[in-house]
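Asker: This is final.txt, which holds compact mmCIF, C-alpha atoms:
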```
# COMPACT_ATOMS: atom_id res chain seq x y z
CA MET A 1 -58.71 -0.36 74.53
CA ARG A 2 -58.60 2.48 77.07
CA ARG A 3 -55.78 0.70 78.91
CA LEU A 4 -53.86 0.32 75.66
CA ARG A 5 -54.18 4.02 74.84
CA ALA A 6 -53.14 4.94 78.38
CA GLY A 7 -50.15 2.63 78.09
CA LEU A 8 -49.06 4.30 74.85
CA ARG A 9 -49.31 7.75 76.46
CA LEU A 10 -47.17 6.51 79.35
CA VAL A 11 -44.51 5.10 77.05
CA LEU A 12 -44.37 8.31 74.99
CA SER A 13 -44.15 10.45 78.13
CA ALA A 14 -41.33 8.33 79.46
CA ALA A 15 -39.43 8.58 76.20
CA ALA A 16 -39.80 12.35 76.25
CA ALA A 17 -38.55 12.49 79.81
CA VAL A 18 -35.49 10.44 78.95
CA ALA A 19 -34.67 12.72 76.03
CA ALA A 20 -34.93 15.77 78.31
CA ALA A 21 -32.94 14.29 81.19
CA PRO A 22 -29.48 15.68 82.08
CA VAL A 23 -26.41 13.95 80.64
CA LEU A 24 -23.88 12.45 83.08
CA SER A 25 -20.21 13.20 82.47
CA SER A 26 -17.56 10.56 82.73
CA CYS A 27 -16.47 12.09 86.11
CA GLY A 28 -19.96 11.72 87.66
CA SER A 29 -20.78 15.44 87.45
CA THR A 30 -23.95 16.67 85.87
CA GLN A 31 -23.93 19.04 82.86
CA SER A 32 -26.57 20.45 80.62
CA ALA A 33 -26.96 18.70 77.30
CA ALA A 34 -24.94 20.30 74.51
CA PRO A 35 -26.92 21.62 71.57
CA VAL A 36 -26.98 19.26 68.62
CA THR A 37 -25.77 20.69 65.34
CA THR A 38 -26.79 18.98 62.16
CA THR A 39 -24.65 19.46 59.00
CA VAL A 40 -26.21 18.71 55.66
CA VAL A 41 -23.67 17.74 52.96
CA GLU A 42 -24.84 17.94 49.40
CA THR A 43 -23.22 15.41 47.10
CA THR A 44 -23.10 15.47 43.32
CA ALA A 45 -23.15 12.20 41.50
CA ALA A 46 -19.82 11.65 39.71
CA LYS A 47 -20.05 11.89 35.94
CA PRO A 48 -19.42 8.58 34.26
CA LYS A 49 -16.03 8.42 32.55
CA ALA A 50 -16.06 8.38 28.77
CA ALA A 51 -15.40 4.95 27.36
CA PRO A 52 -11.85 4.64 26.00
CA ARG A 53 -11.54 4.94 22.23
CA THR A 54 -11.48 1.60 20.50
CA PHE A 55 -8.73 0.70 18.06
CA ALA A 56 -11.18 0.84 15.17
CA GLN A 57 -12.22 4.35 16.24
CA LEU A 58 -8.56 5.40 16.40
CA ILE A 59 -7.91 4.23 12.84
CA ALA A 60 -11.05 5.99 11.61
CA HIS A 61 -9.76 9.16 13.26
CA VAL A 62 -6.24 9.14 11.78
CA ARG A 63 -6.56 7.39 8.41
CA SER A 64 -7.11 10.63 6.48
CA GLY A 65 -3.49 11.54 7.22
CA ILE A 66 -2.04 8.52 5.39
CA LEU A 67 -0.94 9.13 1.79
CA ARG A 68 -0.06 6.73 -0.99
CA MET A 69 3.14 7.87 -2.70
CA GLU A 70 3.71 6.97 -6.34
CA VAL A 71 7.26 7.83 -7.35
CA ASN A 72 8.55 7.81 -10.93
CA THR A 73 12.28 7.27 -11.37
CA CYS A 74 14.54 6.74 -14.36
CA ASP A 75 14.33 3.01 -13.66
CA GLY A 76 10.55 2.79 -13.39
CA SER A 77 8.07 3.51 -10.62
CA ASP A 78 7.65 2.64 -6.96
CA ILE A 79 4.90 2.80 -4.36
CA GLY A 80 5.44 3.82 -0.77
CA THR A 81 3.64 5.45 2.12
CA GLY A 82 3.83 8.86 3.75
CA PHE A 83 1.89 10.66 6.45
CA LEU A 84 0.93 14.26 7.07
CA VAL A 85 2.83 16.26 9.67
CA GLY A 86 1.56 19.61 8.35
CA ARG A 87 -0.81 21.06 5.75
CA ARG A 88 1.85 20.75 3.05
CA LEU A 89 4.37 18.44 4.74
CA VAL A 90 4.61 14.68 4.35
CA ALA A 91 7.05 12.50 6.29
CA THR A 92 8.40 9.31 4.74
CA VAL A 93 11.63 7.33 4.42
CA GLU A 94 14.39 8.30 2.03
CA HIS A 95 14.46 5.14 -0.05
CA VAL A 96 10.84 5.72 -1.12
CA VAL A 97 11.67 9.03 -2.83
CA ASP A 98 15.30 8.35 -3.76
CA GLY A 99 15.82 9.21 -7.43
CA GLY A 100 12.23 10.33 -7.83
CA ARG A 101 11.60 12.51 -10.87
CA THR A 102 7.96 13.01 -9.91
CA ILE A 103 6.12 12.29 -6.66
CA THR A 104 2.35 11.86 -6.84
CA LEU A 105 0.32 11.77 -3.62
CA LYS A 106 -3.06 10.07 -3.38
CA GLN A 107 -5.89 9.77 -0.87
CA ASN A 108 -8.65 7.21 -1.44
CA GLY A 109 -7.31 6.53 -4.92
CA LYS A 110 -7.46 10.19 -6.00
CA VAL A 111 -4.51 12.47 -6.74
CA VAL A 112 -4.46 15.26 -4.14
CA ALA A 113 -1.03 16.79 -4.75
CA HIS A 114 2.45 16.46 -6.20
CA GLY A 115 5.50 16.76 -4.02
CA THR A 116 9.14 17.77 -3.93
CA VAL A 117 11.76 16.64 -1.42
CA ILE A 118 12.88 19.40 0.96
CA GLY A 119 14.97 17.24 3.26
CA SER A 120 16.68 13.87 2.86
CA ASP A 121 19.09 11.74 4.91
CA SER A 122 20.06 8.40 3.36
CA ALA A 123 22.09 7.29 6.40
CA ARG A 124 19.02 7.53 8.64
CA ASP A 125 16.59 6.73 5.81
CA LEU A 126 14.38 9.73 6.36
CA ALA A 127 12.82 12.37 4.07
CA LEU A 128 10.40 15.28 4.19
CA VAL A 129 8.24 16.13 1.18
CA ARG A 130 6.49 19.44 0.52
CA THR A 131 3.28 19.33 -1.52
CA ASP A 132 2.35 21.82 -4.21
CA THR A 133 -1.01 22.42 -2.54
CA PRO A 134 -2.35 21.95 1.01
CA VAL A 135 -3.63 18.44 1.66
CA PRO A 136 -6.58 17.93 4.02
CA GLY A 137 -6.28 15.21 6.63
CA TYR A 138 -5.12 14.25 10.10
CA HIS A 139 -1.72 15.58 11.21
CA PHE A 140 0.34 12.97 13.05
CA VAL A 141 2.49 13.76 16.08
CA LEU A 142 5.80 12.00 16.72
CA ALA A 143 6.23 10.52 20.17
CA ARG A 144 8.75 12.30 22.40
CA ARG A 145 9.60 9.18 24.35
CA ALA A 146 10.88 5.86 23.07
CA PRO A 147 8.38 3.00 23.16
CA GLN A 148 8.62 0.27 25.77
CA LEU A 149 9.26 -3.36 25.00
CA GLY A 150 5.91 -5.04 24.52
CA ASP A 151 3.93 -1.86 23.68
CA ASP A 152 1.06 -2.45 21.27
CA VAL A 153 1.59 -0.81 17.88
CA ALA A 154 0.07 -0.77 14.41
CA ALA A 155 1.58 -0.22 10.96
CA LEU A 156 -0.45 1.71 8.36
CA GLY A 157 0.40 1.74 4.68
CA PHE A 158 -0.07 0.33 1.20
CA PRO A 159 1.69 -3.07 1.13
CA LEU A 160 2.18 -4.53 -2.34
CA GLY A 161 0.17 -1.64 -3.78
CA LEU A 162 -3.02 -2.69 -1.98
CA PRO A 163 -5.46 -0.11 -0.57
CA LEU A 164 -4.79 1.27 2.91
CA THR A 165 -3.94 -1.65 5.17
CA VAL A 166 -3.56 -1.82 8.96
CA THR A 167 -1.59 -4.53 10.75
CA ARG A 168 -1.15 -4.85 14.50
CA GLY A 169 1.73 -6.11 16.58
CA SER A 170 4.01 -5.08 19.40
CA VAL A 171 7.38 -3.50 19.98
CA SER A 172 9.65 -6.53 20.02
CA GLY A 173 12.91 -4.63 20.34
CA THR A 174 14.33 -1.12 20.74
CA ASP A 175 17.57 0.65 19.91
CA ARG A 176 18.45 -1.90 17.24
CA THR A 177 21.36 -1.50 14.81
CA VAL A 178 20.99 -3.09 11.37
CA GLU A 179 23.46 -2.98 8.48
CA ILE A 180 21.82 -1.95 5.20
CA ASP A 181 23.77 -1.33 1.98
CA GLY A 182 26.97 -1.05 3.96
CA LEU A 183 25.54 1.49 6.43
CA ASN A 184 24.73 0.80 10.06
CA ARG A 185 21.28 2.22 10.78
CA ARG A 186 20.98 2.81 14.48
CA SER A 187 18.24 3.32 17.06
CA LEU A 188 15.70 1.34 15.03
CA VAL A 189 12.44 0.13 16.55
CA GLN A 190 11.84 -3.58 16.04
CA THR A 191 8.28 -4.83 15.62
CA ASP A 192 6.43 -8.01 14.75
CA ALA A 193 3.65 -6.11 12.96
CA ALA A 194 3.38 -7.51 9.43
CA VAL A 195 4.84 -5.20 6.77
CA ASN A 196 5.68 -5.60 3.09
CA PRO A 197 7.04 -3.49 0.21
CA GLY A 198 4.73 -0.49 -0.04
CA ASN A 199 4.55 -0.07 3.75
CA SER A 200 7.86 1.82 3.72
CA GLY A 201 7.50 5.33 5.08
CA GLY A 202 4.22 4.65 6.83
CA PRO A 203 3.72 5.40 10.53
CA LEU A 204 4.10 2.84 13.31
CA ILE A 205 1.63 4.15 15.89
CA THR A 206 0.66 3.40 19.47
CA ASP A 207 -2.88 2.88 20.75
CA ALA A 208 -2.89 6.61 21.51
CA GLY A 209 -2.15 7.43 17.87
CA ASN A 210 1.40 8.76 18.42
CA VAL A 211 4.07 7.84 15.89
CA VAL A 212 6.92 5.84 17.44
CA GLY A 213 8.58 5.05 14.11
CA LEU A 214 8.52 5.17 10.32
CA VAL A 215 8.35 1.73 8.74
CA ASP A 216 11.75 1.10 7.17
CA LEU A 217 12.37 -2.49 6.17
CA LYS A 218 11.42 -6.10 6.64
CA ASN A 219 13.93 -8.85 7.31
CA ILE A 220 13.29 -11.24 4.44
CA GLN A 221 15.31 -13.97 6.18
CA GLY A 222 12.83 -14.32 9.01
CA SER A 223 9.13 -13.85 9.64
CA GLY A 224 7.69 -11.46 12.20
CA LEU A 225 10.72 -9.19 12.07
CA ALA A 226 10.53 -5.61 10.81
CA PHE A 227 12.17 -2.31 11.69
CA ALA A 228 11.19 1.36 11.83
CA VAL A 229 13.14 4.61 12.03
CA SER A 230 12.74 5.81 15.62
CA ALA A 231 10.64 8.92 16.23
CA GLN A 232 13.46 10.19 18.45
CA VAL A 233 15.75 10.13 15.41
CA ALA A 234 13.14 11.42 12.95
CA GLY A 235 11.65 14.25 15.02
CA PRO A 236 14.65 16.62 15.17
CA LEU A 237 15.45 16.13 11.47
CA LEU A 238 11.90 16.79 10.32
CA GLU A 239 11.72 19.92 12.47
CA ALA A 240 15.05 21.16 11.10
CA TRP A 241 13.99 20.65 7.47
CA GLN A 242 10.69 22.36 8.11
CA ALA A 243 12.49 25.41 9.55
CA ALA A 244 15.27 25.41 6.92
CA PRO A 245 14.35 23.36 3.83
CA GLN A 246 17.19 21.63 1.98
CA PRO A 247 15.68 20.82 -1.43
CA VAL A 248 17.14 17.86 -3.26
CA PRO A 249 17.90 18.40 -6.98
CA VAL A 250 16.39 15.78 -9.25
CA SER A 251 18.56 14.53 -12.07
CA GLY A 252 17.21 13.94 -15.51
CA CYS A 253 17.58 10.60 -17.26
CA GLY A 254 20.12 11.67 -19.84
CA SER A 255 19.61 13.87 -22.86
CA GLN A 256 16.02 14.94 -23.37
CA ALA A 257 14.84 15.60 -26.90
CA PRO A 258 11.48 17.30 -27.36
CA SER A 259 10.99 15.54 -30.68
CA GLY A 260 10.83 12.27 -28.78
CA GLY A 261 8.15 13.54 -26.44
CA GLN A 262 10.42 13.58 -23.40
CA VAL A 263 10.62 16.36 -20.82
CA ALA A 264 13.19 16.23 -18.03
CA ALA A 265 11.57 16.38 -14.61
CA PRO A 266 12.83 19.36 -12.62
CA PRO A 267 14.50 19.52 -9.26
CA SER A 268 12.54 21.16 -6.49
CA SER A 269 14.78 24.21 -6.36
CA ASN A 270 18.04 25.86 -7.19
CA GLY A 271 19.98 24.43 -9.90
CA GLY A 272 21.31 21.43 -10.31
CA GLY A 273 20.94 18.01 -11.71
CA ASN A 274 21.68 16.67 -15.14
CA GLY A 275 19.29 17.90 -17.82
CA VAL A 276 17.71 20.71 -15.78
CA GLN A 277 18.34 24.30 -14.86
CA THR A 278 16.59 27.11 -13.01
CA TYR A 279 15.16 30.33 -14.37
CA SER A 280 15.63 33.00 -11.67
CA GLY A 281 13.71 36.14 -12.54
CA THR A 282 12.73 39.33 -10.74
CA ALA A 283 9.43 37.95 -9.46
CA PHE A 284 9.76 34.17 -9.51
CA THR A 285 11.90 31.09 -10.10
CA ILE A 286 11.03 27.91 -11.95
CA VAL A 287 12.95 24.82 -13.06
CA TYR A 288 12.94 23.66 -16.68
CA PRO A 289 14.69 21.09 -18.92
CA SER A 290 18.09 22.21 -20.15
CA SER A 291 17.03 21.29 -23.68
CA PHE A 292 14.55 24.20 -23.54
CA SER A 293 15.43 27.84 -24.25
CA VAL A 294 14.20 31.03 -22.61
CA THR A 295 12.69 32.96 -25.52
CA ALA A 296 11.12 35.74 -23.40
CA ALA A 297 12.26 36.78 -19.93
CA GLU A 298 9.61 38.79 -18.03
CA GLN A 299 8.99 40.78 -21.17
CA ASN A 300 6.77 43.80 -20.60
CA LYS A 301 3.55 43.34 -22.57
CA GLY A 302 1.84 46.43 -21.19
CA SER A 303 -0.62 44.96 -18.69
CA TYR A 304 1.49 41.92 -17.84
CA TYR A 305 5.00 40.41 -17.95
CA ASP A 306 5.56 37.33 -20.11
CA THR A 307 8.19 34.63 -19.65
CA THR A 308 8.32 31.85 -22.25
CA ILE A 309 10.57 28.78 -22.10
CA GLN A 310 10.24 26.32 -24.95
CA ALA A 311 11.61 23.70 -27.28
CA GLY A 312 9.56 23.53 -30.44
CA ASP A 313 5.94 22.76 -29.57
CA TYR A 314 6.86 21.98 -25.93
CA LEU A 315 6.34 25.14 -23.94
CA ILE A 316 6.23 26.66 -20.46
CA ARG A 317 4.78 30.15 -20.11
CA ILE A 318 4.48 32.29 -16.98
CA ASP A 319 2.46 35.51 -17.10
CA GLU A 320 2.40 37.99 -14.21
CA SER A 321 -0.04 40.89 -14.00
CA PRO A 322 0.89 43.35 -11.21
CA GLN A 323 -2.58 44.90 -11.36
CA GLY A 324 -4.54 41.92 -10.09
CA SER A 325 -8.21 41.08 -10.39
CA ALA A 326 -10.75 40.95 -7.58
CA THR A 327 -11.16 37.20 -8.00
CA VAL A 328 -9.39 34.39 -9.80
CA ASP A 329 -12.51 33.93 -11.98
CA GLN A 330 -12.16 37.50 -13.23
CA ALA A 331 -8.49 36.90 -13.95
CA ALA A 332 -9.21 33.80 -16.02
CA ALA A 333 -12.37 34.95 -17.78
CA PRO A 334 -10.84 36.90 -20.72
CA VAL A 335 -8.44 34.08 -21.60
CA LEU A 336 -11.13 31.41 -21.40
CA LYS A 337 -13.46 33.50 -23.55
CA ALA A 338 -10.84 34.01 -26.27
CA LEU A 339 -9.78 30.35 -26.49
CA ARG A 340 -13.32 28.99 -26.38
CA ALA A 341 -14.06 30.99 -29.50
CA GLN A 342 -11.11 29.48 -31.37
CA GLN A 343 -11.89 26.90 -34.04
CA GLY A 344 -11.08 23.32 -33.04
CA TYR A 345 -10.97 24.12 -29.31
CA VAL A 346 -11.86 21.15 -27.08
CA GLU A 347 -12.35 21.76 -23.37
CA ILE A 348 -11.29 18.88 -21.10
CA SER A 349 -11.86 20.41 -17.67
CA VAL A 350 -12.10 23.67 -15.73
CA ASP A 351 -11.66 23.05 -12.01
CA HIS A 352 -11.69 25.41 -9.04
CA THR A 353 -8.89 24.23 -6.76
CA THR A 354 -5.83 25.65 -4.98
CA PHE A 355 -2.25 26.31 -6.03
CA GLN A 356 0.38 26.68 -3.31
CA GLY A 357 -2.31 27.76 -0.90
CA TYR A 358 -4.05 30.25 -3.20
CA ALA A 359 -7.52 29.88 -4.72
CA ALA A 360 -6.91 28.78 -8.29
CA ILE A 361 -8.43 27.57 -11.54
CA ARG A 362 -6.90 24.63 -13.39
CA TRP A 363 -7.94 24.66 -17.05
CA GLU A 364 -7.11 21.76 -19.38
CA PHE A 365 -7.90 21.82 -23.09
CA GLU A 366 -6.73 21.00 -26.61
CA VAL A 367 -6.52 23.37 -29.53
CA PRO A 368 -4.87 23.26 -32.98
CA GLU A 369 -2.13 25.81 -33.69
CA HIS A 370 -0.10 26.03 -36.90
CA GLY A 371 -1.34 22.60 -37.96
CA VAL A 372 -0.44 20.87 -34.67
CA LEU A 373 -3.02 19.74 -32.09
CA LEU A 374 -1.68 20.93 -28.73
CA HIS A 375 -2.63 19.75 -25.28
CA LYS A 376 -2.45 22.51 -22.66
CA VAL A 377 -2.87 22.98 -18.91
CA ASP A 378 -3.23 26.54 -17.65
CA TRP A 379 -3.24 27.56 -13.98
CA PHE A 380 -4.67 30.90 -12.80
CA PHE A 381 -4.32 32.30 -9.27
CA THR A 382 -4.02 35.63 -7.46
CA ASP A 383 -1.35 35.90 -4.78
CA GLU A 384 -1.49 37.70 -1.43
CA GLN A 385 0.05 40.81 -3.01
CA GLY A 386 -2.85 41.02 -5.45
CA ARG A 387 -0.86 39.90 -8.51
CA ASP A 388 -2.53 37.68 -11.12
CA TRP A 389 -0.50 34.71 -12.34
CA GLY A 390 -0.94 32.35 -15.26
CA LEU A 391 1.19 29.19 -15.59
CA LEU A 392 0.80 27.37 -18.90
CA THR A 393 2.38 24.10 -20.05
CA GLN A 394 1.83 22.55 -23.46
CA ALA A 395 2.92 19.64 -25.64
CA PRO A 396 1.66 17.94 -28.79
CA ALA A 397 -1.55 16.13 -27.87
CA GLY A 398 -0.17 12.77 -28.95
CA GLN A 399 2.77 13.11 -26.54
CA TRP A 400 0.94 14.57 -23.54
CA SER A 401 0.54 11.31 -21.61
CA GLN A 402 4.30 10.83 -21.68
CA VAL A 403 5.16 14.28 -20.33
CA SER A 404 2.20 15.23 -18.11
CA ASP A 405 3.84 14.13 -14.85
CA ALA A 406 7.03 16.00 -15.69
CA PHE A 407 5.09 19.15 -16.57
CA ALA A 408 3.17 18.86 -13.28
CA ALA A 409 6.50 18.74 -11.45
CA ILE A 410 7.74 21.76 -13.42
CA THR A 411 4.63 23.70 -12.40
CA SER A 412 5.07 22.70 -8.75
CA SER A 413 8.67 24.02 -8.79
CA PHE A 414 7.37 27.58 -9.34
CA ALA A 415 8.21 29.91 -6.45
CA GLU A 416 7.54 33.62 -6.02
CA THR A 417 10.45 35.87 -5.09
CA GLY A 418 8.75 39.29 -5.13
CA ARG A 419 9.15 42.28 -7.42
```
What would you get if you wrote out this structure as structure tokens?
Answerer:
Amino acid sequence: MRRLRAGLRLVLSAAAAVAAAPVLSSCGSTQSAAPVTTTVVETTAAKPKAAPRTFAQLIAHVRSGILRMEVNTCDGSDIGTGFLVGRRLVATVEHVVDGGRTITLKQNGKVVAHGTVIGSDSARDLALVRTDTPVPGYHFVLARRAPQLGDDVAALGFPLGLPLTVTRGSVSGTDRTVEIDGLNRRSLVQTDAAVNPGNSGGPLITDAGNVVGLVDLKNIQGSGLAFAVSAQVAGPLLEAWQAAPQPVPVSGCGSQAPSGGQVAAPPSSNGGGNGVQTYSGTAFTIVYPSSFSVTAAEQNKGSYYDTTIQAGDYLIRIDESPQGSATVDQAAAPVLKALRAQQGYVEISVDHTTFQGYAAIRWEFEVPEHGVLLHKVDWFFTDEQGRDWGLLTQAPAGQWSQVSDAFAAITSSFAETGR
């Protein structure tokens, strides 16, 4: 054991001597050992990359921006698709809204707004619709670059009137030219994603959620062949219409007689189509059926100005009070109190909502007047200048279901011009 311990001491001493010995240079000269510098490098573990968003997650993220469009025309009704590109702007294709007297927009089966066309191009099959109230939901962005052949895409819409439907496919062709109704539509995106009537106007999106096209048509002579208006064509037009709207007048469906319960749907703005005309006052404009007459034009009633446009029991009334109330509830309260006390009054609904971006109350009720039961909808709101407004529409209760959409469109055509 003593020899073992002595041997260990000898080995350790030798090792120490070697460590302290001079270092020989490559030329045989002897130099002192250079000091050893130790550098400590601290490393930070790389953060794990977030997992890419799945396709299902993408759809969940963007689906709130897809709108079902129900369009009433003189020939009947149609269903199409649109998508939000702004709080009150909906992009779609022109043939969905062509000839539309009223445009109703729905999310999850519920009416969220009515719309008017502020830009339309039949040659390119493109349209921009402005809603009468802001619509919540995802705002889509149009792709700046054309898609590549083989890119994965998805079509979102309401085929055959079904609930929101998503179909996947790929870009099977680009820069296509297709003749439709005697017009050559150019720069179309071709896809094999399944589409059907009702998909028209819906977005064709990439896996990143960018819109590369607006679903336009399906080739009924072959399967797996559909086309979309290119985002490169749509983008500049939509931006131009947003900056400088070009409202499209809506024609009536011939002579409109109030006694038959018909009201001509108005155009979205100035003048225009058969059966309609525009009242242009000091403080506002509104479109109304040409069969109606202006019986009071911003008539001074002391605390407010009254404008009445009517044909028998069919009536549109706009009241403006320059000295506004603190809240829309205060503005509406005296009117609600007076009508609720009237014999035969039946309240249908009083809803707090918005009108053209302003906090508003929508009040719907029925009340007998001069032996006729009338159905009425009254809107109250206070604008940014502090003016109180009341917009009333009425018709005989038995005819209301036939004219309610037209009256909603008349209300949505209201526009302030200042005083």
Asker: Point out the residue among A:Gly157, A:Gly302, A:Pro163, A:Gly182 with the least atom-to-atom distance to Gly109 in chain A, counting all atoms listed in the file.
Answerer: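 Closest to Gly109 in chain A, using all atoms listed in the file: A:Pro163.
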Asker: Counting only C-alpha atoms, what is within 10 Å of Glu416 in chain A, bar same-chain residues fewer than 3 positions away, as a ChimeraX atom specification?
Answerer: /A:280-286,383,419
Asker: By how many Å are CA of Ser413 in chain A and CA of Arg101 in chain A apart?
Answerer: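 Distance reported for this atom pair: 12.1 Å.
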Asker: Find the nearest atom pair between each residue of range 55-122 of chain A and range 244-247 of chain A for residues within 10 Å, count only C-alpha atoms, give distances in Å to one decimal, sort rows by chain and ascending number, and present the table as CSV.
Answerer:
```
residue,atom,partner,partner_atom,distance
A:Thr116,CA,A:Pro247,CA,7.6
A:Val117,CA,A:Pro247,CA,5.7
A:Ile118,CA,A:Pro247,CA,3.9
A:Gly119,CA,A:Gln246,CA,5.1
A:Ser120,CA,A:Gln246,CA,7.8
```
Asker: One number please: CA of Val372 in chain A to CA of Gln343 in chain A, in Å, one decimal.
Answerer: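 Pair CA of Val372 in chain A / CA of Gln343 in chain A returns 13.0 Å.
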Asker: Between CA of Gln356 in chain A and CA of Gly202 in chain A, what is the spacing in Å?
Answerer: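 So the answer is 24.6 Å.
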Asker: Could you give me, as JSON lines, a per-residue list for range 78-161 of chain A showing, wherever an atom lies at most 12 Å from an atom of range 183-200 of chain A, the closest pair of atoms and their distance in Å to one decimal, using all atoms listed in the file and sorting by chain then residue number from low to high?
Answerer:
```
{"residue": "A:Asp78", "atom": "CA", "partner": "A:Gly198", "partner_atom": "CA", "distance": 8.1}
{"residue": "A:Ile79", "atom": "CA", "partner": "A:Gly198", "partner_atom": "CA", "distance": 5.4}
{"residue": "A:Gly80", "atom": "CA", "partner": "A:Gly198", "partner_atom": "CA", "distance": 4.4}
{"residue": "A:Thr81", "atom": "CA", "partner": "A:Ser200", "partner_atom": "CA", "distance": 5.8}
{"residue": "A:Gly82", "atom": "CA", "partner": "A:Ser200", "partner_atom": "CA", "distance": 8.1}
{"residue": "A:Phe83", "atom": "CA", "partner": "A:Ser200", "partner_atom": "CA", "distance": 11.0}
{"residue": "A:Ala91", "atom": "CA", "partner": "A:Ser200", "partner_atom": "CA", "distance": 11.0}
{"residue": "A:Thr92", "atom": "CA", "partner": "A:Ser200", "partner_atom": "CA", "distance": 7.6}
{"residue": "A:Val93", "atom": "CA", "partner": "A:Ser200", "partner_atom": "CA", "distance": 6.7}
{"residue": "A:Glu94", "atom": "CA", "partner": "A:Ser200", "partner_atom": "CA", "distance": 9.4}
{"residue": "A:His95", "atom": "CA", "partner": "A:Ser200", "partner_atom": "CA", "distance": 8.3}
{"residue": "A:Val96", "atom": "CA", "partner": "A:Ser200", "partner_atom": "CA", "distance": 6.9}
{"residue": "A:Val97", "atom": "CA", "partner": "A:Ser200", "partner_atom": "CA", "distance": 10.5}
{"residue": "A:Asp121", "atom": "CA", "partner": "A:Arg185", "partner_atom": "CA", "distance": 11.4}
{"residue": "A:Ser122", "atom": "CA", "partner": "A:Leu183", "partner_atom": "CA", "distance": 9.3}
{"residue": "A:Ala123", "atom": "CA", "partner": "A:Leu183", "partner_atom": "CA", "distance": 6.7}
{"residue": "A:Arg124", "atom": "CA", "partner": "A:Arg185", "partner_atom": "CA", "distance": 6.2}
{"residue": "A:Asp125", "atom": "CA", "partner": "A:Arg185", "partner_atom": "CA", "distance": 8.2}
{"residue": "A:Leu126", "atom": "CA", "partner": "A:Ser200", "partner_atom": "CA", "distance": 10.6}
{"residue": "A:Ala127", "atom": "CA", "partner": "A:Ser200", "partner_atom": "CA", "distance": 11.7}
{"residue": "A:Ala146", "atom": "CA", "partner": "A:Val189", "partner_atom": "CA", "distance": 8.8}
{"residue": "A:Pro147", "atom": "CA", "partner": "A:Val189", "partner_atom": "CA", "distance": 8.3}
{"residue": "A:Gln148", "atom": "CA", "partner": "A:Val189", "partner_atom": "CA", "distance": 10.0}
{"residue": "A:Leu149", "atom": "CA", "partner": "A:Gln190", "partner_atom": "CA", "distance": 9.3}
{"residue": "A:Gly150", "atom": "CA", "partner": "A:Thr191", "partner_atom": "CA", "distance": 9.2}
{"residue": "A:Asp151", "atom": "CA", "partner": "A:Thr191", "partner_atom": "CA", "distance": 9.6}
{"residue": "A:Asp152", "atom": "CA", "partner": "A:Ala193", "partner_atom": "CA", "distance": 9.4}
{"residue": "A:Val153", "atom": "CA", "partner": "A:Ala193", "partner_atom": "CA", "distance": 7.5}
{"residue": "A:Ala154", "atom": "CA", "partner": "A:Ala193", "partner_atom": "CA", "distance": 6.6}
{"residue": "A:Ala155", "atom": "CA", "partner": "A:Ala193", "partner_atom": "CA", "distance": 6.6}
{"residue": "A:Leu156", "atom": "CA", "partner": "A:Asn199", "partner_atom": "CA", "distance": 7.0}
{"residue": "A:Gly157", "atom": "CA", "partner": "A:Asn199", "partner_atom": "CA", "distance": 4.6}
{"residue": "A:Phe158", "atom": "CA", "partner": "A:Gly198", "partner_atom": "CA", "distance": 5.0}
{"residue": "A:Pro159", "atom": "CA", "partner": "A:Gly198", "partner_atom": "CA", "distance": 4.2}
{"residue": "A:Leu160", "atom": "CA", "partner": "A:Gly198", "partner_atom": "CA", "distance": 5.3}
{"residue": "A:Gly161", "atom": "CA", "partner": "A:Gly198", "partner_atom": "CA", "distance": 6.0}
```
Asker: Keeping only C-alpha atoms, write the selected residues to a file as a compact mmCIF listing (two decimals), keeping the file's coordinate frame.
Answerer:
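Output below, filename result.txt:
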```txt
# COMPACT_ATOMS: atom_id res chain seq x y z
CA ASP A 78 7.65 2.64 -6.96
CA ILE A 79 4.90 2.80 -4.36
CA GLY A 80 5.44 3.82 -0.77
CA THR A 81 3.64 5.45 2.12
CA GLY A 82 3.83 8.86 3.75
CA PHE A 83 1.89 10.66 6.45
CA ALA A 91 7.05 12.50 6.29
CA THR A 92 8.40 9.31 4.74
CA VAL A 93 11.63 7.33 4.42
CA GLU A 94 14.39 8.30 2.03
CA HIS A 95 14.46 5.14 -0.05
CA VAL A 96 10.84 5.72 -1.12
CA VAL A 97 11.67 9.03 -2.83
CA ASP A 121 19.09 11.74 4.91
CA SER A 122 20.06 8.40 3.36
CA ALA A 123 22.09 7.29 6.40
CA ARG A 124 19.02 7.53 8.64
CA ASP A 125 16.59 6.73 5.81
CA LEU A 126 14.38 9.73 6.36
CA ALA A 127 12.82 12.37 4.07
CA ALA A 146 10.88 5.86 23.07
CA PRO A 147 8.38 3.00 23.16
CA GLN A 148 8.62 0.27 25.77
CA LEU A 149 9.26 -3.36 25.00
CA GLY A 150 5.91 -5.04 24.52
CA ASP A 151 3.93 -1.86 23.68
CA ASP A 152 1.06 -2.45 21.27
CA VAL A 153 1.59 -0.81 17.88
CA ALA A 154 0.07 -0.77 14.41
CA ALA A 155 1.58 -0.22 10.96
CA LEU A 156 -0.45 1.71 8.36
CA GLY A 157 0.40 1.74 4.68
CA PHE A 158 -0.07 0.33 1.20
CA PRO A 159 1.69 -3.07 1.13
CA LEU A 160 2.18 -4.53 -2.34
CA GLY A 161 0.17 -1.64 -3.78
```
Asker: Between A:Phe55, A:Phe414, A:Phe227, A:Trp379, which is the closest to Arg168 in chain A once you count only C-alpha atoms?
Answerer: A:Phe55
Asker: Counting all atoms listed in the file, which residue out of A:Gln299, A:Ser401, A:Gln232, A:Gln330 sits closest to Ala360 in chain A?
Answerer: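 For Ala360 in chain A, the nearest of the candidates is A:Gln330.
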